[in-house]
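Student: Data: coords.cif, mmCIF, C-alpha atoms.
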```
data_work
#
loop_
_atom_site.label_atom_id
_atom_site.label_comp_id
_atom_site.auth_asym_id
_atom_site.auth_seq_id
_atom_site.Cartn_x
_atom_site.Cartn_y
_atom_site.Cartn_z
CA MET X 1 0.00 0.00 0.00
CA MET X 2 1.45 3.37 -1.06
CA ASN X 3 1.39 6.40 1.20
CA LYS X 4 0.08 9.71 -0.13
CA GLU X 5 3.49 11.12 -1.14
CA GLU X 6 4.43 7.94 -3.00
CA ALA X 7 1.07 7.96 -4.72
CA ARG X 8 1.65 11.55 -5.87
CA GLN X 9 5.03 10.65 -7.27
CA LYS X 10 3.60 7.72 -9.17
CA LEU X 11 0.88 10.05 -10.36
CA MET X 12 3.49 12.39 -11.85
CA GLU X 13 5.16 9.48 -13.62
CA TYR X 14 1.76 8.38 -14.91
CA LEU X 15 1.00 11.92 -16.08
CA TYR X 16 4.15 11.97 -18.21
CA ASP X 17 3.83 8.37 -19.32
CA GLU X 18 7.04 7.33 -17.61
CA LEU X 19 5.57 4.40 -15.69
CA PRO X 20 6.41 0.85 -16.78
CA VAL X 21 3.46 -0.83 -18.54
CA ASP X 22 2.65 -3.19 -15.66
CA GLU X 23 2.63 -0.34 -13.12
CA LYS X 24 0.56 1.84 -15.41
CA SER X 25 -2.54 -0.36 -15.27
CA GLU X 26 -2.12 -0.74 -11.51
CA MET X 27 -1.93 3.06 -11.20
CA GLU X 28 -5.08 3.49 -13.27
CA ARG X 29 -6.88 1.14 -10.88
CA ILE X 30 -5.65 3.10 -7.85
CA ILE X 31 -6.67 6.44 -9.38
CA ALA X 32 -10.13 5.11 -10.17
CA THR X 33 -10.68 4.18 -6.54
CA ASP X 34 -9.11 7.27 -4.94
CA PRO X 35 -11.14 10.48 -5.45
CA SER X 36 -8.34 12.78 -4.20
CA LEU X 37 -5.79 11.26 -6.63
CA LYS X 38 -8.37 11.53 -9.39
CA GLU X 39 -8.82 15.21 -8.60
CA ASP X 40 -5.04 15.71 -8.50
CA LEU X 41 -4.65 14.09 -11.91
CA LYS X 42 -7.36 16.32 -13.34
CA GLU X 43 -5.66 19.44 -12.01
CA MET X 44 -2.24 18.35 -13.23
CA LYS X 45 -3.59 17.74 -16.73
CA GLN X 46 -5.19 21.18 -16.71
CA MET X 47 -1.89 22.73 -15.72
CA GLN X 48 -0.10 20.80 -18.47
CA LYS X 49 -2.52 22.29 -21.01
CA LEU X 50 -2.13 25.76 -19.55
CA MET X 51 1.63 25.64 -19.72
CA GLN X 52 1.46 25.45 -23.48
CA PHE X 53 0.07 28.99 -23.57
CA ALA X 54 3.24 30.53 -22.17
CA PRO X 55 4.72 32.86 -24.80
CA LYS X 56 7.34 31.30 -26.99
CA GLU X 57 10.71 33.00 -27.35
CA LYS X 58 11.57 34.17 -30.84
CA PRO X 59 14.56 32.54 -32.53
CA GLN X 60 17.77 34.28 -31.61
CA PRO X 61 20.48 35.40 -34.02
CA PRO X 62 23.27 32.84 -34.01
CA LEU X 63 26.01 33.42 -31.46
CA VAL X 64 29.29 34.49 -33.01
CA PHE X 65 31.97 32.24 -31.62
CA ILE X 66 35.53 33.41 -32.10
CA GLN X 67 37.88 30.72 -30.98
CA PRO X 68 41.05 32.04 -29.40
CA ASP X 69 44.28 31.09 -31.21
CA VAL X 70 42.73 28.57 -33.55
CA GLU X 71 45.93 27.49 -35.27
CA SER X 72 48.23 26.64 -32.45
CA SER X 73 46.10 25.52 -29.54
CA SER X 74 43.51 22.91 -28.87
CA LEU X 75 41.51 22.25 -25.74
CA ASN X 76 44.16 19.87 -24.52
CA ASP X 77 47.21 22.10 -24.87
CA ARG X 78 45.86 25.47 -23.86
CA GLY X 79 48.12 25.53 -20.79
CA LYS X 80 51.17 25.71 -23.02
CA ASP X 81 50.17 29.16 -24.24
CA LYS X 82 51.16 30.56 -20.87
CA LYS X 83 54.80 30.15 -21.88
CA ARG X 84 54.42 32.49 -24.81
CA PHE X 85 55.75 36.00 -24.59
CA ALA X 86 53.36 38.86 -25.33
CA GLY X 87 51.48 36.69 -27.79
CA LEU X 88 54.48 36.21 -30.10
CA PRO X 89 55.26 32.77 -31.47
CA PRO X 90 58.31 31.07 -29.89
CA ALA X 91 60.43 31.41 -33.09
CA ALA X 92 59.90 35.17 -33.12
CA VAL X 93 60.86 35.41 -29.46
CA THR X 94 64.12 33.51 -30.14
CA ALA X 95 65.01 35.67 -33.14
CA LEU X 96 64.22 38.84 -31.25
CA SER X 97 66.36 37.69 -28.31
CA ILE X 98 69.35 37.06 -30.58
CA ALA X 99 68.93 40.39 -32.34
CA ALA X 100 68.61 42.22 -29.02
CA SER X 101 71.77 40.52 -27.67
CA ILE X 102 73.80 41.55 -30.72
CA LEU X 103 72.56 45.11 -30.51
CA ILE X 104 73.45 45.28 -26.83
CA ILE X 105 76.99 43.99 -27.55
CA LEU X 106 77.55 46.49 -30.37
CA PHE X 107 76.17 49.36 -28.36
CA GLY X 108 78.20 48.38 -25.31
CA SER X 109 81.35 48.05 -27.44
CA ALA X 110 80.86 51.50 -28.89
CA LEU X 111 80.36 53.02 -25.43
CA ALA X 112 83.35 51.26 -23.89
CA GLY X 113 85.67 52.05 -26.79
CA LEU X 114 86.48 48.44 -27.60
CA GLN X 115 89.68 48.11 -29.60
CA VAL X 116 90.79 44.96 -31.34
CA THR X 117 94.38 45.27 -32.50
CA SER X 118 96.92 42.87 -33.84
CA SER X 119 100.64 42.84 -33.41
CA ALA X 120 103.51 40.48 -33.90
CA ASP X 121 102.54 38.88 -30.57
CA GLY X 122 98.98 38.16 -31.63
CA PHE X 123 95.56 39.82 -31.05
CA SER X 124 94.84 42.24 -28.28
CA VAL X 125 91.40 43.36 -27.09
CA GLU X 126 91.37 46.57 -25.12
CA PHE X 127 88.86 49.05 -23.77
CA GLY X 128 89.50 52.77 -24.03
CA GLU X 129 92.58 54.16 -25.70
CA VAL X 130 95.26 51.76 -26.78
CA ALA X 131 98.30 51.96 -24.56
CA THR X 132 101.45 52.49 -26.57
CA VAL X 133 104.40 50.59 -25.27
CA PRO X 134 107.75 51.80 -26.41
CA GLN X 135 109.37 49.19 -28.59
CA GLU X 136 112.86 48.17 -27.87
CA ASP X 137 115.13 46.77 -30.41
CA GLU X 138 115.71 43.13 -29.82
CA HIS X 139 118.38 41.03 -31.33
CA ILE X 140 117.46 37.38 -31.31
CA GLY X 141 119.77 36.12 -34.02
CA VAL X 142 117.74 37.21 -37.03
CA THR X 143 118.27 40.21 -39.21
CA ASP X 144 116.14 43.32 -39.07
CA GLU X 145 114.89 42.61 -42.57
CA ASP X 146 113.71 39.15 -41.54
CA LEU X 147 111.90 40.63 -38.60
CA ILE X 148 110.26 43.30 -40.70
CA ARG X 149 109.19 40.74 -43.30
CA LEU X 150 107.85 38.40 -40.64
CA ALA X 151 105.95 41.21 -38.94
CA GLU X 152 104.56 42.33 -42.25
CA GLN X 153 103.42 38.80 -43.06
CA ILE X 154 101.76 38.37 -39.66
CA ARG X 155 100.07 41.75 -39.96
CA THR X 156 98.75 40.89 -43.39
CA GLU X 157 97.44 37.53 -42.22
CA ASN X 158 95.87 39.07 -39.14
CA SER X 159 94.23 41.78 -41.19
CA LEU X 160 92.80 39.18 -43.51
CA LEU X 161 91.59 37.09 -40.61
CA ILE X 162 89.95 40.04 -38.85
CA SER X 163 88.43 41.24 -42.07
CA THR X 164 86.97 37.80 -42.75
CA MET X 165 85.64 37.54 -39.21
CA MET X 166 84.04 40.96 -39.35
CA ASP X 167 82.43 40.15 -42.69
CA ASP X 168 81.09 36.87 -41.31
CA LEU X 169 79.79 38.60 -38.22
CA GLN X 170 78.10 41.29 -40.27
CA ASP X 171 76.52 38.69 -42.56
CA GLN X 172 75.30 36.75 -39.58
CA GLN X 173 73.83 39.86 -37.97
CA ARG X 174 72.19 40.92 -41.22
CA GLN X 175 70.67 37.48 -41.68
CA GLN X 176 69.37 37.35 -38.12
CA LEU X 177 67.88 40.81 -38.40
CA GLN X 178 66.22 39.90 -41.68
CA GLU X 179 64.75 36.76 -40.11
CA ALA X 180 63.49 38.75 -37.14
CA ILE X 181 61.93 41.34 -39.43
CA GLN X 182 60.29 38.60 -41.51
CA VAL X 183 58.86 36.94 -38.40
CA LEU X 184 57.62 40.28 -37.08
CA ASN X 185 56.14 41.13 -40.43
CA ALA X 186 54.34 37.79 -40.64
CA TYR X 187 53.07 38.27 -37.11
CA TYR X 188 51.70 41.73 -37.85
CA VAL X 189 50.05 40.53 -41.05
CA GLN X 190 48.41 37.69 -39.17
CA GLN X 191 47.30 40.02 -36.38
CA ARG X 192 45.85 42.42 -38.92
CA GLU X 193 43.89 39.63 -40.59
CA GLU X 194 42.58 38.41 -37.24
CA ASP X 195 41.59 41.94 -36.26
CA LEU X 196 39.79 42.41 -39.55
CA THR X 197 37.96 39.11 -39.05
CA ILE X 198 36.91 40.12 -35.54
CA ILE X 199 35.70 43.50 -36.78
CA ALA X 200 33.81 41.89 -39.67
CA ASN X 201 32.17 39.39 -37.32
CA GLY X 202 31.29 42.16 -34.91
CA MET X 203 29.73 44.19 -37.70
CA ASN X 204 27.71 41.18 -38.84
CA GLN X 205 26.53 40.52 -35.30
CA LEU X 206 25.60 44.18 -34.90
CA GLN X 207 23.71 44.07 -38.17
CA VAL X 208 21.76 40.98 -37.15
CA GLU X 209 21.00 42.38 -33.72
CA THR X 210 19.90 45.69 -35.14
CA ALA X 211 17.55 43.94 -37.54
CA TYR X 212 16.23 41.90 -34.67
CA LYS X 213 15.67 45.03 -32.56
CA PHE X 214 13.74 46.58 -35.45
CA LEU X 215 11.55 43.49 -35.56
CA GLN X 216 10.97 43.65 -31.82
CA THR X 217 10.11 47.35 -32.05
CA ASP X 218 7.65 46.66 -34.87
CA GLU X 219 6.03 43.95 -32.86
CA THR X 220 5.79 46.14 -29.75
CA ILE X 221 4.17 48.89 -31.81
CA GLU X 222 1.72 46.35 -33.23
CA ASN X 223 0.90 45.16 -29.74
CA ILE X 224 0.31 48.72 -28.55
CA ILE X 225 -1.92 49.42 -31.55
CA TYR X 226 -3.77 46.17 -30.90
CA ALA X 227 -4.21 47.04 -27.22
CA LEU X 228 -5.40 50.57 -28.06
CA ASN X 229 -7.87 49.25 -30.63
CA ASN X 230 -9.30 46.80 -28.12
CA GLN X 231 -9.79 49.31 -25.33
CA MET O 1 21.33 11.07 -23.08
CA ALA O 2 23.45 12.98 -25.55
CA LYS O 3 22.67 12.55 -29.21
CA GLN O 4 25.09 10.60 -31.35
CA THR O 5 25.93 13.79 -33.22
CA ASP O 6 26.85 15.51 -29.93
CA ILE O 7 29.29 12.76 -29.08
CA ALA O 8 30.94 12.94 -32.51
CA VAL O 9 31.15 16.74 -32.35
CA LEU O 10 32.57 16.62 -28.83
CA GLU O 11 35.28 14.24 -29.95
CA GLU O 12 36.16 16.65 -32.75
CA VAL O 13 36.28 19.60 -30.35
CA ARG O 14 38.59 17.67 -28.05
CA ARG O 15 40.86 16.88 -30.98
CA GLY O 16 41.24 20.61 -31.53
CA ASN O 17 38.90 20.96 -34.51
CA SER O 18 38.19 24.68 -34.49
CA THR O 19 34.88 24.53 -36.36
CA ALA O 20 33.42 21.70 -34.27
CA PHE O 21 32.76 23.95 -31.30
CA GLY O 22 30.81 26.26 -33.59
CA THR O 23 28.66 23.27 -34.53
CA LEU O 24 28.12 22.51 -30.85
CA VAL O 25 27.03 26.09 -30.22
CA GLU O 26 24.68 25.90 -33.19
CA GLN O 27 23.07 22.69 -31.87
CA TRP O 28 22.63 23.85 -28.28
CA GLN O 29 22.05 27.58 -28.52
CA ASP O 30 18.27 27.35 -28.83
CA PRO O 31 17.64 24.87 -25.99
CA ILE O 32 19.84 26.77 -23.56
CA HIS O 33 18.42 30.15 -24.56
CA ARG O 34 14.85 28.81 -24.28
CA PHE O 35 15.58 27.37 -20.85
CA ALA O 36 17.09 30.62 -19.54
CA TYR O 37 14.31 32.70 -21.13
CA ARG O 38 11.62 30.67 -19.38
CA PHE O 39 13.50 30.99 -16.12
CA PHE O 40 13.92 34.78 -16.26
CA TYR O 41 11.25 35.72 -18.82
CA ASN O 42 13.78 38.18 -20.18
CA THR O 43 15.56 38.03 -23.53
CA GLU O 44 18.68 39.92 -22.47
CA ASP O 45 19.23 37.74 -19.41
CA ALA O 46 18.64 34.63 -21.49
CA ARG O 47 21.17 35.79 -24.06
CA GLU O 48 23.74 36.52 -21.37
CA ILE O 49 23.23 33.16 -19.70
CA THR O 50 23.53 31.42 -23.07
CA GLN O 51 26.82 33.15 -23.85
CA LYS O 52 28.23 32.45 -20.39
CA THR O 53 27.15 28.82 -20.66
CA PHE O 54 29.12 28.29 -23.86
CA ILE O 55 32.16 30.09 -22.49
CA ARG O 56 32.07 27.80 -19.47
CA VAL O 57 31.55 24.76 -21.68
CA TYR O 58 34.58 25.71 -23.77
CA ARG O 59 36.78 26.26 -20.73
CA ASN O 60 35.73 23.11 -18.89
CA LEU O 61 35.06 20.64 -21.67
CA ASP O 62 38.10 18.59 -20.72
CA GLN O 63 36.46 17.99 -17.34
CA LEU O 64 33.53 16.15 -18.92
CA ASP O 65 34.47 12.51 -18.46
CA ASP O 66 31.65 10.91 -20.41
CA PRO O 67 30.55 12.65 -23.65
CA ARG O 68 27.22 10.80 -23.42
CA LYS O 69 26.42 12.95 -20.39
CA PHE O 70 26.90 16.22 -22.25
CA SER O 71 23.18 17.07 -22.18
CA PRO O 72 22.76 17.01 -18.37
CA TRP O 73 26.18 18.63 -18.04
CA ILE O 74 25.38 21.67 -20.18
CA TYR O 75 21.95 22.06 -18.56
CA ARG O 76 23.63 21.91 -15.15
CA ILE O 77 25.98 24.70 -16.18
CA ALA O 78 23.06 26.81 -17.42
CA LYS O 79 21.07 26.08 -14.26
CA ASN O 80 23.97 27.11 -12.02
CA LEU O 81 24.47 30.31 -14.01
CA CYS O 82 20.77 31.13 -13.69
CA LEU O 83 20.89 30.64 -9.92
CA ASP O 84 24.11 32.67 -9.68
CA GLU O 85 22.46 35.48 -11.61
CA LEU O 86 19.47 35.39 -9.26
CA LYS O 87 21.80 35.66 -6.28
CA ARG O 88 23.74 38.47 -7.92
CA ALA O 89 20.60 40.40 -8.73
CA GLY O 90 19.27 39.92 -5.22
CA ARG O 91 16.18 38.08 -6.41
CA GLN O 92 14.77 41.27 -7.89
CA ARG O 93 13.61 39.46 -10.97
CA SER O 94 11.02 37.16 -9.50
CA SER O 95 7.98 38.17 -7.49
CA PRO O 96 8.14 36.54 -4.07
CA LEU O 97 5.20 34.35 -3.22
CA GLU O 98 4.51 36.43 -0.09
CA LEU O 99 3.68 39.32 -2.40
CA VAL O 100 1.20 37.16 -4.24
CA LYS O 101 -0.39 35.94 -1.04
CA ALA O 102 -0.69 39.46 0.28
CA GLY O 103 -2.78 40.25 -2.77
CA GLN O 104 -0.58 43.06 -4.00
CA ILE O 105 -0.68 41.72 -7.51
CA HIS O 106 -4.34 40.87 -7.22
CA ASN O 107 -5.55 44.36 -8.03
CA GLU O 108 -3.63 44.47 -11.29
CA THR O 109 -5.13 41.34 -12.69
CA PRO O 110 -8.11 41.02 -14.98
CA SER O 111 -11.24 39.39 -13.67
CA ALA O 112 -12.83 38.78 -17.02
CA LYS O 113 -12.02 35.94 -19.31
CA ILE O 114 -8.75 36.72 -21.01
CA GLU O 115 -7.32 36.14 -24.43
CA SER O 116 -4.92 33.28 -24.94
CA LYS O 117 -2.03 35.66 -25.58
CA GLU O 118 -2.64 37.46 -22.33
CA LEU O 119 -3.15 34.15 -20.61
CA GLY O 120 0.35 33.15 -21.70
CA GLU O 121 1.74 36.35 -20.20
CA TRP O 122 0.07 35.67 -16.86
CA ILE O 123 1.25 32.08 -16.84
CA GLN O 124 4.80 33.23 -17.36
CA LYS O 125 4.41 35.82 -14.60
CA ALA O 126 2.99 33.17 -12.31
CA LEU O 127 5.98 30.97 -13.11
CA LEU O 128 8.24 33.76 -11.89
CA ALA O 129 6.31 33.89 -8.64
CA ILE O 130 6.86 30.28 -7.60
CA PRO O 131 10.04 29.11 -5.84
CA ASP O 132 13.08 28.87 -8.10
CA GLU O 133 13.59 25.13 -7.67
CA GLN O 134 9.96 24.39 -8.59
CA ARG O 135 10.13 26.72 -11.60
CA MET O 136 13.33 25.03 -12.74
CA VAL O 137 11.71 21.57 -12.69
CA ILE O 138 8.54 22.75 -14.45
CA ILE O 139 10.59 24.35 -17.24
CA MET O 140 12.77 21.29 -17.69
CA LYS O 141 9.78 18.94 -17.75
CA GLU O 142 7.25 20.97 -19.70
CA TYR O 143 9.41 22.87 -22.17
CA GLU O 144 12.64 20.92 -22.41
CA GLU O 145 10.77 17.61 -22.23
CA LEU O 146 13.44 15.95 -20.11
CA THR O 147 12.71 12.75 -18.20
CA PHE O 148 12.57 12.70 -14.42
CA LYS O 149 15.84 10.77 -14.44
CA GLU O 150 17.56 13.41 -16.59
CA ILE O 151 16.27 16.27 -14.42
CA ALA O 152 17.42 14.47 -11.29
CA GLU O 153 20.88 14.12 -12.77
CA ILE O 154 21.04 17.81 -13.77
CA LEU O 155 19.91 18.98 -10.34
CA SER O 156 21.87 16.33 -8.45
CA GLU O 157 18.71 15.47 -6.54
CA PRO O 158 16.75 12.22 -6.10
CA GLU O 159 14.00 11.56 -8.65
CA SER O 160 11.45 11.61 -5.85
CA THR O 161 12.43 15.22 -5.05
CA VAL O 162 12.04 16.21 -8.69
CA LYS O 163 8.55 14.70 -8.88
CA SER O 164 7.51 16.39 -5.65
CA ARG O 165 8.78 19.76 -6.88
CA LEU O 166 6.80 19.36 -10.07
CA TYR O 167 3.65 18.39 -8.20
CA TYR O 168 3.86 21.23 -5.69
CA GLY O 169 5.02 23.64 -8.38
CA PHE O 170 1.88 22.99 -10.40
CA LYS O 171 -0.25 23.31 -7.27
CA LYS O 172 1.37 26.65 -6.46
CA LEU O 173 0.93 27.91 -10.01
CA ARG O 174 -2.72 27.03 -9.93
CA GLU O 175 -3.15 28.75 -6.59
CA ILE O 176 -1.47 31.92 -7.92
CA LEU O 177 -3.52 32.02 -11.11
CA ASN O 178 -6.70 31.56 -9.06
CA SER O 179 -5.64 34.34 -6.68
CA TRP O 180 -5.17 36.62 -9.68
CA ASN O 181 -8.71 35.85 -10.82
CA ILE O 182 -7.39 34.33 -14.01
CA ASN O 183 -10.65 32.94 -15.17
CA THR O 184 -10.05 30.42 -17.87
CA ASN O 185 -11.84 27.28 -18.89
CA TYR O 186 -8.51 25.48 -18.74
CA LEU O 187 -8.53 25.75 -14.96
CA ASN O 188 -12.04 24.42 -14.67
CA ASP O 189 -12.56 21.96 -17.47
CA GLU O 190 -11.62 18.33 -17.68
#
```
How does this structure look as structure tokens?

Tutor:
Amino acid sequence: MMNKEEARQKLMEYLYDELPVDEKSEMERIIATDPSLKEDLKEMKQMQKLMQFAPKEKPQPPLVFIQPDVESSSLNDRGKDKKRFAGLPPAAVTALSIAASILIILFGSALAGLQVTSSADGFSVEFGEVATVPQEDEHIGVTDEDLIRLAEQIRTENSLLISTMMDDLQDQQRQQLQEAIQVLNAYYVQQREEDLTIIANGMNQLQVETAYKFLQTDETIENIIYALNNQ
Amino acid sequence: MAKQTDIAVLEEVRRGNSTAFGTLVEQWQDPIHRFAYRFFYNTEDAREITQKTFIRVYRNLDQLDDPRKFSPWIYRIAKNLCLDELKRAGRQRSSPLELVKAGQIHNETPSAKIESKELGEWIQKALLAIPDEQRMVIIMKEYEELTFKEIAEILSEPESTVKSRLYYGFKKLREILNSWNINTNYLNDE
């Protein structure tokens, strides 16, 4: 034997046809013999009918969904984005770092008065003015001409070596700067395209919403006219 | 619970398919908007809840263990957002039942038989006057056509509680409409 609360719950299942077939016929028998349940069922059915009169919402303009960083992230690797610097791709960050380091070295060298000189004893790297050491004649068993020739040869070789190194360094710097500029350029082009897409989507959304507002206004005016006519 | 297409789309979204989430939004925008609209009876609120729901879905989709349970999951998100909004707005949106009982709305209501369009308006207003948890169940059952089992899962409540809320919600609605002198054959006929 069911208590009143259980009977009401079964009644709700019966009302929405969610009772198993065997329980359904049993429930019908119980309802037929219980006037209060019968009255409840009648009221519930009336309410079900009434609910269908509630105003229906008009279809909404489609939501514009702009997925953040479509190309490089998925739902599973979004956390990795945190490592990115100011929204730049990792390759651009690397190139920019290299370029910045070179610029700092060059600027620092210029400020400190870096001097790279070569002599018969090898290379010397000095900051500020080059100290001039008085040369003393040395006699080590070779003639002055030999010494002069040897010094000339070493100087020539050193000059060539330094010249080659400087050229290589300049080429390397130029190449790195070009790469950095290309990466930056590509980034700005991509950003521009994304911005344009966002603006275009926003304009479309605004257009749709404006049209919808017009429709709503028209309908409100119609309702007011209808209400005024029926007064 | 979730449709086969939902499951396939969810798999695509999880694989990083950028257009799949758009498809998901397309499929679920109307049900979620309709649900929120019934709850607040306000288009702007419904639109805001719908947008917030999809933002939350996007952020937390990796927390959904079983794609077959997407339907109760998204409704649960929308339900929580609706209740949060009510808290935030200090329950200004709905008319407390005490107000109804005190007869303050009574004087505004028509006593004559009303047109079906007006009747719909009063029904929706009456819905706003019943307790939130009862309104939620009525909307899910009557307009979203969810089963008791599905509603119980969304609300994290026993099925018996859901059925009781529906029963007492209907009773309360009827009482309110009667107190407003809403005289319609639907409340009196078989």

Student: Counting only C-alpha atoms, note down every residue that has an atom within 8 Å of the point (-4.5, 8.9, -9.7) (file coordinates), as a PyMOL selection string.

Tutor: chain X and resi 7-8+11+27-28+30-32+34+36-41

Student: What's around Asn80 (chain O) at 10 Å? Count only C-alpha atoms, leave out sequence neighbours fewer than 5 positions away in its own chain, and write the answer as a ChimeraX atom specification.

Tutor: /O:49,53,74-75,85-86,154-155

Student: I need the output of the PyMOL selection byres ((chain O and resi 63-69) around 10) for this file as JSON, numbers by chain; which residues are they?

Tutor: {"O": [1, 2, 3, 4, 6, 7, 8, 9, 10, 11, 57, 59, 60, 61, 62, 70, 71, 72, 73, 74, 150, 153, 154]}

Student: Could you work out how far CA of Glu133 (chain O) lies from CA of Tyr14 (chain X), giving the answer in Å with one decimal?

Tutor: 21.7 Å

Student: Smallest atom-to-atom distance to chain O: which of X:Glu23, X:Asp17, X:Glu152, X:Glu57, using all atoms listed in the file?

Tutor: X:Glu57

Student: Which is closer to Val162 (chain O) than all the others in O:Ala46, O:Ile139, O:Ile176, O:Ile182, using all atoms listed in the file?

Tutor: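 Counting all atoms listed in the file, the residue closest to Val162 (chain O) is O:Ile139.
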
Student: One number please: CA of Ala200 (chain X) to CA of Gly22 (chain O), in Å, one decimal.

Tutor: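 Distance between the two atoms: 17.0 Å.
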
Student: Could you work out how far CA of Glu18 (chain X) lies from CA of Pro158 (chain O), giving the answer in Å with one decimal?

Tutor: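 Computing the Euclidean distance for CA of Pro158 (chain O) and CA of Glu18 (chain X) yields 15.8 Å.
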
Student: Could you list the residues chosen by the PyMOL selection byres ((chain X and resi 202-211) around 12) in this structure as a list in words?

Tutor: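 The output of the PyMOL selection byres ((chain X and resi 202-211) around 12) on this file is Pro59, Gln60, Pro61, Pro62, Leu63, Val64, Phe65, Ile66, Asp195, Leu196, Thr197, Ile198, Ile199, Ala200, Asn201, Tyr212, Lys213, Phe214, Leu215, Gln216, Thr217 and Asp218 of chain X; Glu44 and Arg47 of chain O.
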
Student: Which polymer residues have any atom within 7 Å of an atom of Leu173 (chain O), counting all atoms listed in the file, with same-chain residues fewer than 6 positions away left out, as a ChimeraX atom specification?

Tutor: /O:126-127,130

Student: Leaving out region 175-181 of chain X and any residue of its chain fewer than 2 positions from it, which residues lie within 7 Å of it when counting only C-alpha atoms, given as a PyMOL selection string?

Tutor: chain X and resi 92+95-96+99+171-173+183-185

Student: Apply the PyMOL selection byres ((chain O and resi 36) around 10) to the structure shown and report the selected residues as a list of chain:residue names.

Tutor: O:Asp30, O:Pro31, O:Ile32, O:His33, O:Arg34, O:Phe35, O:Tyr37, O:Arg38, O:Phe39, O:Phe40, O:Tyr41, O:Asn42, O:Thr43, O:Glu44, O:Asp45, O:Ala46, O:Arg47, O:Glu48, O:Ile49, O:Thr50, O:Tyr75, O:Ala78, O:Lys79, O:Leu81, O:Cys82, O:Met136, O:Ile139

Student: Give me, as a list of chain:residue names, all polymer residues having an atom no more than 9 Å from Glu142 (chain O), counting all atoms listed in the file and skipping those fewer than 6 positions away in the same chain.

Tutor: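 Answer for this query is X:Gln48, X:Met51, X:Gln52.
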
Student: Output, as JSON, the centre and edge lengths in Å (one decimal) of the axis-aligned box that contains all listed atoms of region 209-227 of chain X with 8 Å of margin on each side.

Tutor:
```
{"center_x": 8.4, "center_y": 45.7, "center_z": -32.4, "size_x": 41.2, "size_y": 23.5, "size_z": 26.3}
```

Student: With distances taken over only C-alpha atoms, which of X:Ser25, X:Ala151, X:Gln191, X:Phe53 is nearest to chain O?

Tutor: X:Phe53

Student: Got a sec: who's within 9 Å of Ser164 (chain O), counting only C-alpha atoms, leaving out chain neighbours fewer than 2 positions off, as a PyMOL selection string?

Tutor: (chain X and resi 5+8-9+12) or (chain O and resi 134+159-162+166-169)

Student: Which residue, X:Val142, X:Ala227, X:Met166, X:Leu160, has the smallest gap to chain O when you use all atoms listed in the file?

Tutor: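 Comparing X:Val142, X:Ala227, X:Met166, X:Leu160 against chain O, the winner is X:Ala227.
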